[in-house]
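To start, the structure under review is shown below, and the notes come after it.
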Amino acid sequence: MSQLFVRTGIHFSSCQQALEHIGEEMLAKGVVHETYPQALIEREANFPTGIALENHAVAIPHCEAVHAKSPAIYLIRPDNPVHFQRADDDGEIAVSLIIALIVENPTAQLKLLRRLFSELQNPNTLDALLAASDDDLATLFRKTILESEPCAQV
């Protein structure tokens with residue numbers, strides 16, 4: 001089970017500043033190796049993670065599993081949207097929720113990314129995460145994303 005860290009009430013002037021914050025925080029929490037902060041920044045530069053959804057946008061920054069010590073998720077709801085490069089083209093998108101993934105196992109990383117994409121496609125899920133109180137955000141994320149069962153294929 002991944003550790004879940006949550007941060008709200010924070011302002012970033014740029015995507016770079018947000019990534020530097022993630023790197024420093026995860027290093028301080030002891031869940032990543034010293035190589036993680038730079039690897040995260042380089043990975044985002046080469047493979048941007050900004051994703052446009054129906055009503056909002058998210059970013060899911062991550063890097064190779066070799067930089068992780070233990071699995072974690074760092075969920076950040078900044079005060080103001082942060083501009084990330086879009087994963088699907090060259091433009092930027094204003095991101096309201098940042099979900100940094102720290103995964104030791106590449107197979108687990110792929111499963112978690114699929115689950116995130118699946119759950120975040122539902123506009124109600126993201127609306128609820130953005131509207132949740134600071135105290136309820138972690139619990140809601142666990143229930144809706146981490147503990148939800150995938151829907152049966154029809």
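Ordered as shown in the structure tokens, chains take letters A, B, and onward, while each chain numbers its residues from 1 and ligands are numbered from 1 in the order shown.
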
Next on the checklist: Going by DSSP on the backbone, which residues of region 49-128 of chain A come out as helix (DSSP H, G or I)? List them as a list of chain:residue names.
Outcome noted: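 Put together, the selection reads A:Ala65, A:Val66, A:His67, A:Pro106, A:Thr107, A:Ala108, A:Gln109, A:Leu110, A:Lys111, A:Leu112, A:Leu113, A:Arg114, A:Arg115, A:Leu116, A:Phe117, A:Ser118, A:Glu119, A:Leu120, A:Pro123, A:Asn124, A:Thr125, A:Leu126, A:Asp127, A:Ala128.
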
Checklist entry - If we count only C-alpha atoms, what is near His56 (chain A) at a cut-off of 12 Å, once residues fewer than 5 positions away on the same chain are taken out, given as a PyMOL selection string? => result chain A and resi 50-51+81-82+93-98+120-130

Please identify every residue of region 73-126 of chain A that has at least one atom no farther than 8 Å from an atom of region 14-36 of chain A, counting only C-alpha atoms, and for each give the shortest atom pair and the distance in Å to one decimal, arranged by chain then increasing number, as CSV.
residue,atom,partner,partner_atom,distance
A:Tyr74,CA,A:Ile22,CA,7.6
A:Val82,CA,A:Cys15,CA,6.1
A:His83,CA,A:Cys15,CA,5.9
A:Phe84,CA,A:Cys15,CA,5.5
A:Ala100,CA,A:Ile22,CA,7.5
A:Ile102,CA,A:Val32,CA,7.6

Checklist entry - If you count only C-alpha atoms, which residues fall within 12 Å of region 111-116 of chain A, apart from same-chain ones fewer than 4 positions away, as a ChimeraX atom specification? => result /A:1-2,49,51,53,58-62,71-73,98-107,120-122,125-126,141-142,144-151

Hey, what does DSSP flag as strand (DSSP E or B) within region 3-112 of chain A? Can you give it to me as a PDB file with C-alpha atoms, in the first residue's frame?
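Generated file (out.pdb):
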ATOM      1  CA  GLN A   3       1.807   6.140   1.591  1.00  0.00           C
ATOM      2  CA  LEU A   4      -0.395   9.111   0.779  1.00  0.00           C
ATOM      3  CA  PHE A   5       0.827  12.652   1.377  1.00  0.00           C
ATOM      4  CA  VAL A   6      -1.516  15.583   0.795  1.00  0.00           C
ATOM      5  CA  ARG A   7      -0.797  19.292   0.468  1.00  0.00           C
ATOM      6  CA  THR A   8      -3.269  22.110  -0.077  1.00  0.00           C
ATOM      7  CA  VAL A  32      12.881   8.439  -2.704  1.00  0.00           C
ATOM      8  CA  GLY A  50      -0.569  17.563 -18.077  1.00  0.00           C
ATOM      9  CA  ILE A  51      -3.888  15.940 -18.929  1.00  0.00           C
ATOM     10  CA  ALA A  52      -7.068  17.727 -20.007  1.00  0.00           C
ATOM     11  CA  ALA A  57      -6.912  19.323 -15.844  1.00  0.00           C
ATOM     12  CA  VAL A  58      -4.495  17.246 -13.794  1.00  0.00           C
ATOM     13  CA  ALA A  59      -0.805  16.437 -13.922  1.00  0.00           C
ATOM     14  CA  HIS A  62       6.435  10.481 -12.076  1.00  0.00           C
ATOM     15  CA  ALA A  68      11.917   5.169  -5.368  1.00  0.00           C
ATOM     16  CA  ALA A  72       3.923   6.845  -2.245  1.00  0.00           C
ATOM     17  CA  ILE A  73       1.507   9.317  -3.763  1.00  0.00           C
ATOM     18  CA  TYR A  74       1.824  13.045  -3.205  1.00  0.00           C
ATOM     19  CA  LEU A  75      -1.508  14.729  -3.872  1.00  0.00           C
ATOM     20  CA  ILE A  76      -1.290  18.507  -4.258  1.00  0.00           C
ATOM     21  CA  ARG A  77      -4.229  20.848  -4.659  1.00  0.00           C
ATOM     22  CA  VAL A  82      -0.257  25.523 -12.361  1.00  0.00           C
ATOM     23  CA  HIS A  83       0.664  25.445 -16.053  1.00  0.00           C
ATOM     24  CA  PHE A  84       2.057  22.075 -17.146  1.00  0.00           C
ATOM     25  CA  GLN A  85       2.946  20.968 -20.660  1.00  0.00           C
ATOM     26  CA  ARG A  86       0.194  18.806 -22.082  1.00  0.00           C
ATOM     27  CA  GLU A  92       0.282  24.133 -21.833  1.00  0.00           C
ATOM     28  CA  ILE A  93      -2.703  23.464 -19.629  1.00  0.00           C
ATOM     29  CA  ALA A  94      -3.764  24.937 -16.280  1.00  0.00           C
ATOM     30  CA  VAL A  95      -3.697  22.066 -13.788  1.00  0.00           C
ATOM     31  CA  LEU A  97      -4.658  18.842  -9.144  1.00  0.00           C
ATOM     32  CA  ILE A  98      -1.157  17.356  -9.133  1.00  0.00           C
ATOM     33  CA  ILE A  99      -0.812  13.656  -8.385  1.00  0.00           C
ATOM     34  CA  ALA A 100       2.866  12.720  -8.050  1.00  0.00           C
ATOM     35  CA  LEU A 101       3.471   8.976  -8.149  1.00  0.00           C
ATOM     36  CA  ILE A 102       6.407   7.268  -6.485  1.00  0.00           C
TER      37      ILE A 102
END

Checklist entry - Which is closer to Asp134 (chain A) than all the others in A:Asp79, A:His67, A:Gln38, A:Ser13, using only C-alpha atoms? => result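 That would be A:Asp79, the residue with the smallest distance to Asp134 (chain A).
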